[in-house]
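Q: Handing you this structure, nothing more for now.
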Amino acid sequence: MTTALTPSMLLQRERELIRRGVDRCPLPQFLMWTAPWFALLVFGCYAAWLCLSQGLFHTNMDNQYAFGLWIFLDLAVIALGAGAFFTGFLLYVARKQEMKAVINSAVVIGLVCYSGAVAVLMVDVGQPLRAWFTFWHPNVHSMLTEVTFCITAYLTVLLIEYLPVALKNRKLCRVTRYAVFEYELHRLMVVFALLGAFLSFFHQGSLGGLYGVLRGRPFAFREGFGIWPSTFFLFIVSAAAVGPSFIALTTWITEKLSGHRLVEGRVYDTLARISGKILLVYVALKAADTLVWMNATAPARGFAARGFYETQPFGTWILLAEIGVFGLLPGWLLVSRRARASRAVLLCGAALACAGVALNRFVMTIQTLALPTLPFERPAQYWPSWQEAGTFLAVIAFGVLVYSFSFRYLTLFPQERELAFGGEKE
Amino acid sequence: MDRGVLVFGAGFALAVAAGWLILPGVFYAKVEQPLAFSHEAHTQTGGMACEDCHGFRDDGSFAGIPTLEQCASCHAEAVGTTESERKFVEEYVKLGREPQWLVYSRQPDNAWFPHAPHVKAAGLPCESCHGDHGQSNSLRPLEVNRISGYSRDVMGRPSGPLGLRRAGGMRMDDCVRCHAGADLRHSCLDCHK
Amino acid sequence: MFPWVYGFEWTAGRIVFLGIFFSVLLVMFLTVAFVFLKSAVHFRTGRAYFIQWKSLFHELPRASRACRHALTGHLPGRVCEGAFECRECSKHGELLEQGREAAIGAGAEEIMGMTVPLDRYYHRGHCWVKPLKKGLVAVGLDELGRRLVGRPDAVETPPPGTWLVANSTAFWVKRNGTAVRVLAPVDGEVIAAGGPSDDWILKVRPPAPLDTRHLLRGDEVRAWYRREVERLELIAGRADGAPALADGGELCADLGEAFPERWDAVCGEMLLDT
Amino acid sequence: MIRKNAEGKHARYGMLIDLDRCDGCGACMVACAVENNIPPGRPGANARTGLNWIKVHRIETGGRPAFLPIMCQQCEDETPCVEVCPQNAVELDPATGVVGQIPQRCLGCRYCVTACPYHARVFNWGDPEWPAGMEKTLNPLVSPRMRGVVEKCNFCHGRWHAAREKAAADGSTGNGPVNYVPACVEACPAGAMAFGDLNDPDSALTRAVAAGEAFRLLDLLQTGPKTFYKTAFAAVRKGVAGERDA
């Protein structure tokens, strides 16, 4: 028996993909929301295609500014995506049960951030088809090798972690095979949480090490411990610090956009408290590192630290902002019980912390490359081309779309159904 | 035995056989030389040595396949009675037309293979890479990699376990195998340009 | 990467680095392989359907997961962790030994305007089980279930011979272009399916002797019914324009007709479908 | 990875550039481009997107301007670019001291470009394009590079290959240090550039470096370049090497 598919039947079929007990806007409204993001994605893919098919002259990078907007984006989203590994660690290893409320969302955010970063890296390198060379002929002394290995392995871990979330879709979980597989996989999630934490530890660190080992760039170069420069550890701590903040922020944004309560209030509180504590540790380490660098590392290489901040627009303010406005301030806002009692203040703190880590990645990428090393050089100028910006925006759009679809069809916030009953008793 | 195992085994055998028989043709195209040529006739009957035709230039570079001029110094008129020689003299020598020989050993652009260090300095005989090409009676068709356009080998002979590998292969591994055996370790730019 | 790749050397750095990398890959592979294996074992031992239900069970709101002993007030506030599989529950076993098992009675009870016969067992998914002769049982929707479903467009029953597993799918009711799954109250082989005029829907031959430890009976049913009406009010009253029940009012006879838009959501949630 | 050779000697090729002789004519840049098959710049290419392996910088020193040719400095202590390459596309040849860049192994991540303090590494931002007919003039000893890879000066390795081949043909093993001159040195009309083997105590280069006048760029970064500079003028040295190094 075949019947024509009427629009109302189509809507009904679509509704049946959404779990019972949660409210989602009608399909047309959802499509309206996704349409501009799709448009942005298409535009960005066109920009990326230009770079892939014709060469990177489409960008405004050059032989002095060999890293640009894209590398900054990679570093920033990978730091923000740290919420995935850190939440997993808190839930499965440290047994913080509140994290159950956001773990699925954190996994999707991690997946989005890492896949976006890998995708944009593939546009950024000149010969993406040779990406496998790093695996085949690895130079184990290079920080980038460590990054490549860990990120691909971790992306695999994230995909595996995403599987149970995806298989819990209302239609998919009716397939007994999927449901049983999901159930058993979920029971062993602690293995992947540990693997994720282990891999993240190394690649977040290696991304910092990436700059710390640049002896040719005294602004970035740091002494370290063993094979790892101090930036290795700073990156790990800062990523762990902002991961929970970013989860809190995205959860709140999703709550506002969907118009539903998704997690209990104390989840925000826990996320903020953890984030704030680690952020303060980070600020202390960062300050100590800066002092050592200013007084020992840089002068030993013939560079006065003062000179690094004489290039406009990278004045001393940028260092002060990083440590003060985007470090100490959010750290205090998130740690102080009184301050974070207000949801607005808590979210401000979280936003400042996230902005702070992005600023740090910006400084490490862009300021490092802008500063001259040879005494007669002038500071380099760089402004991204529309192709670079387009590819950047495509990654953002990709992230929003994956998250939106996941939110609609999967259970990102297990408490949502409970909260819809008005209960907050757990 | 389980029927499934049998089916699997048969399928596996079929796949292996197909790969063995069909894949070389997929990867390599066979191209015939413009003229039949017998090395044997020159070396055995004519008593010539390799370097009589394939010599070095003054700057140390290897001259490779002889020019028409070199050939014509003996073959201004037909020396023997074969059909291919008659064709060579009439269609090439008399008309002054260079035969477009296909070179089995043309190297990729980024590889630098000098004959002098191998032949003169290390004293390797030609046969170590080119096999018994010098004693062959006919020219094998050139097997061209359909993607890269390079020859499959430099006319080596079967070697390796079961005789499946050819000496004088054109891959970097084939160079490396010999160099590693001679305990010569290199940097990339030694052989790449 | 591998010893046979050109340029590979057995240096300490390489051994440590690649050793860790391959270990990570191995752990990932082994874990996933183990999960596949474990799943296969569940299918072989017949636990797959129960596990499917168990995994879905934890998605249900707390209000839908109350322990039967919480309903009767013996264990206040207790939430079931065992997917309503009281046969495997140690707590339930303890209480049974203390003689807390309610007895199956006779007659019927009027609860909130609904007739609930007490001569049978009830499953949390609103199916009753009534022992018949020759070791057969009849399975049907209780009155609340019938009012929720109303007059279904179709009831999709499994063909005779199908083996039902308790808490897995028993049959589907179709309405308004969508379908709600009804949970099987007992294990057993389907013998026959009833027509629209029958008050039962399936006749099942469960393994003898009939195990009813996981089913509600007697006093429990009363408490449970009151809780279920409360739950319905919560679910139905959640969204604006939903069928709110006036206190003391009676549930309409056909929810699917009264509120076609919300039928799928309300009926599905009440019947513990996901 | 030390090569065995009959002579048992390894070279450390280096260079000494006399800044007082360089008048910034750019002949070295042209000779380098011709020798190494460097394609003409793309439309809109500038000093920072072009493919020059050697660049002559003009430096204001207060008095007369100085000209400073910079190419790969062939660092030999913890060579910044070698360390960072994820896939061993950059290596320091222990037999010649030349930092080799293998375009066919390069994936174009540009981490080495970032790591080099001398900006001696250049990236192919697009496909190489030669004007019609010009591709026939390419140097067969040097393979042209493709889009998306990094390249840089290797002290004219094509000439080194040719010198080795000649040496082997002449009866040497062809494995020891060979004598050759990079194109820039050959082209310099002022004779400002000297090339030689720093391991050879008798070479003019070694003697000049040993004489103590020579200095290196960014010496304090401890990268150990094998390219030396010299000048008799303190102002020039200060302008080129900075306050601390001077």
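Here, A, B, ... name the chains of the structure tokens in the order displayed, residue numbers run from 1 inside each chain, and ligands are numbered from 1 in the same displayed order.
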Can you pull out every residue from segment 4-144 of chain D that DSSP, working from the backbone, puts in helix (DSSP H, G or I), and format the result as an MDAnalysis selection string?
A: chainID D and resid 27:35 80:84 111:115 134:137
Q: Restricting it to C-alpha atoms, dump the selection as a PDB file, in the first residue's frame.
A:
```
ATOM      1  CA  ALA D  27      72.865  39.368  -9.204  1.00  0.00           C
ATOM      2  CA  CYS D  28      72.935  36.609  -6.597  1.00  0.00           C
ATOM      3  CA  MET D  29      69.132  36.581  -6.438  1.00  0.00           C
ATOM      4  CA  VAL D  30      68.854  36.302 -10.204  1.00  0.00           C
ATOM      5  CA  ALA D  31      71.536  33.632 -10.464  1.00  0.00           C
ATOM      6  CA  CYS D  32      69.875  31.665  -7.682  1.00  0.00           C
ATOM      7  CA  ALA D  33      66.481  31.805  -9.362  1.00  0.00           C
ATOM      8  CA  VAL D  34      67.912  30.663 -12.690  1.00  0.00           C
ATOM      9  CA  GLU D  35      69.977  27.880 -11.147  1.00  0.00           C
ATOM     10  CA  PRO D  80      65.150  25.047  14.358  1.00  0.00           C
ATOM     11  CA  CYS D  81      63.478  23.781  11.210  1.00  0.00           C
ATOM     12  CA  VAL D  82      64.744  20.200  11.443  1.00  0.00           C
ATOM     13  CA  GLU D  83      63.391  19.788  14.956  1.00  0.00           C
ATOM     14  CA  VAL D  84      59.893  20.894  14.139  1.00  0.00           C
ATOM     15  CA  TYR D 111      55.786  25.015  10.922  1.00  0.00           C
ATOM     16  CA  CYS D 112      59.415  25.214   9.744  1.00  0.00           C
ATOM     17  CA  VAL D 113      58.723  28.582   8.128  1.00  0.00           C
ATOM     18  CA  THR D 114      57.489  29.783  11.484  1.00  0.00           C
ATOM     19  CA  ALA D 115      60.489  28.301  13.246  1.00  0.00           C
ATOM     20  CA  MET D 134      60.756  29.291 -20.479  1.00  0.00           C
ATOM     21  CA  GLU D 135      60.223  25.818 -19.105  1.00  0.00           C
ATOM     22  CA  LYS D 136      62.684  24.632 -21.748  1.00  0.00           C
ATOM     23  CA  THR D 137      65.411  26.587 -20.018  1.00  0.00           C
TER      24      THR D 137
END
```
Q: Please return, as a PyMOL selection string, all residues of chain B lying within 12 Å of chain C when only C-alpha atoms are considered.
A: chain B and resi 171-177+179-180+185-188
Q: Taking the DSSP assignment computed from this structure's backbone, write out as a list in words all residues of segment 66-236 of chain D that belong to strand (DSSP E).
A: Ala66, Phe67, Leu68, Pro69, Ile70, Val90, Glu91, Leu92, Val99, Gly100, Gln101, Val122, Phe123, Val150, Glu151, Met193, Ala194, Phe195, Gly196, Asp197, Thr227, Phe228, Tyr229 and Lys230 of chain D
Q: Compute the set of chain C residues within 6 Å of chain A, using only C-alpha atoms, and express it as JSON, numbers by chain.
A: {"C": [1, 35, 39, 52, 55, 61, 265, 274]}
Q: Work out how far apart atom CA of Gly88 of chain A and atom CA of Glu161 of chain A are and give it in Å to one decimal.
A: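 Those two atoms sit 9.7 Å apart.
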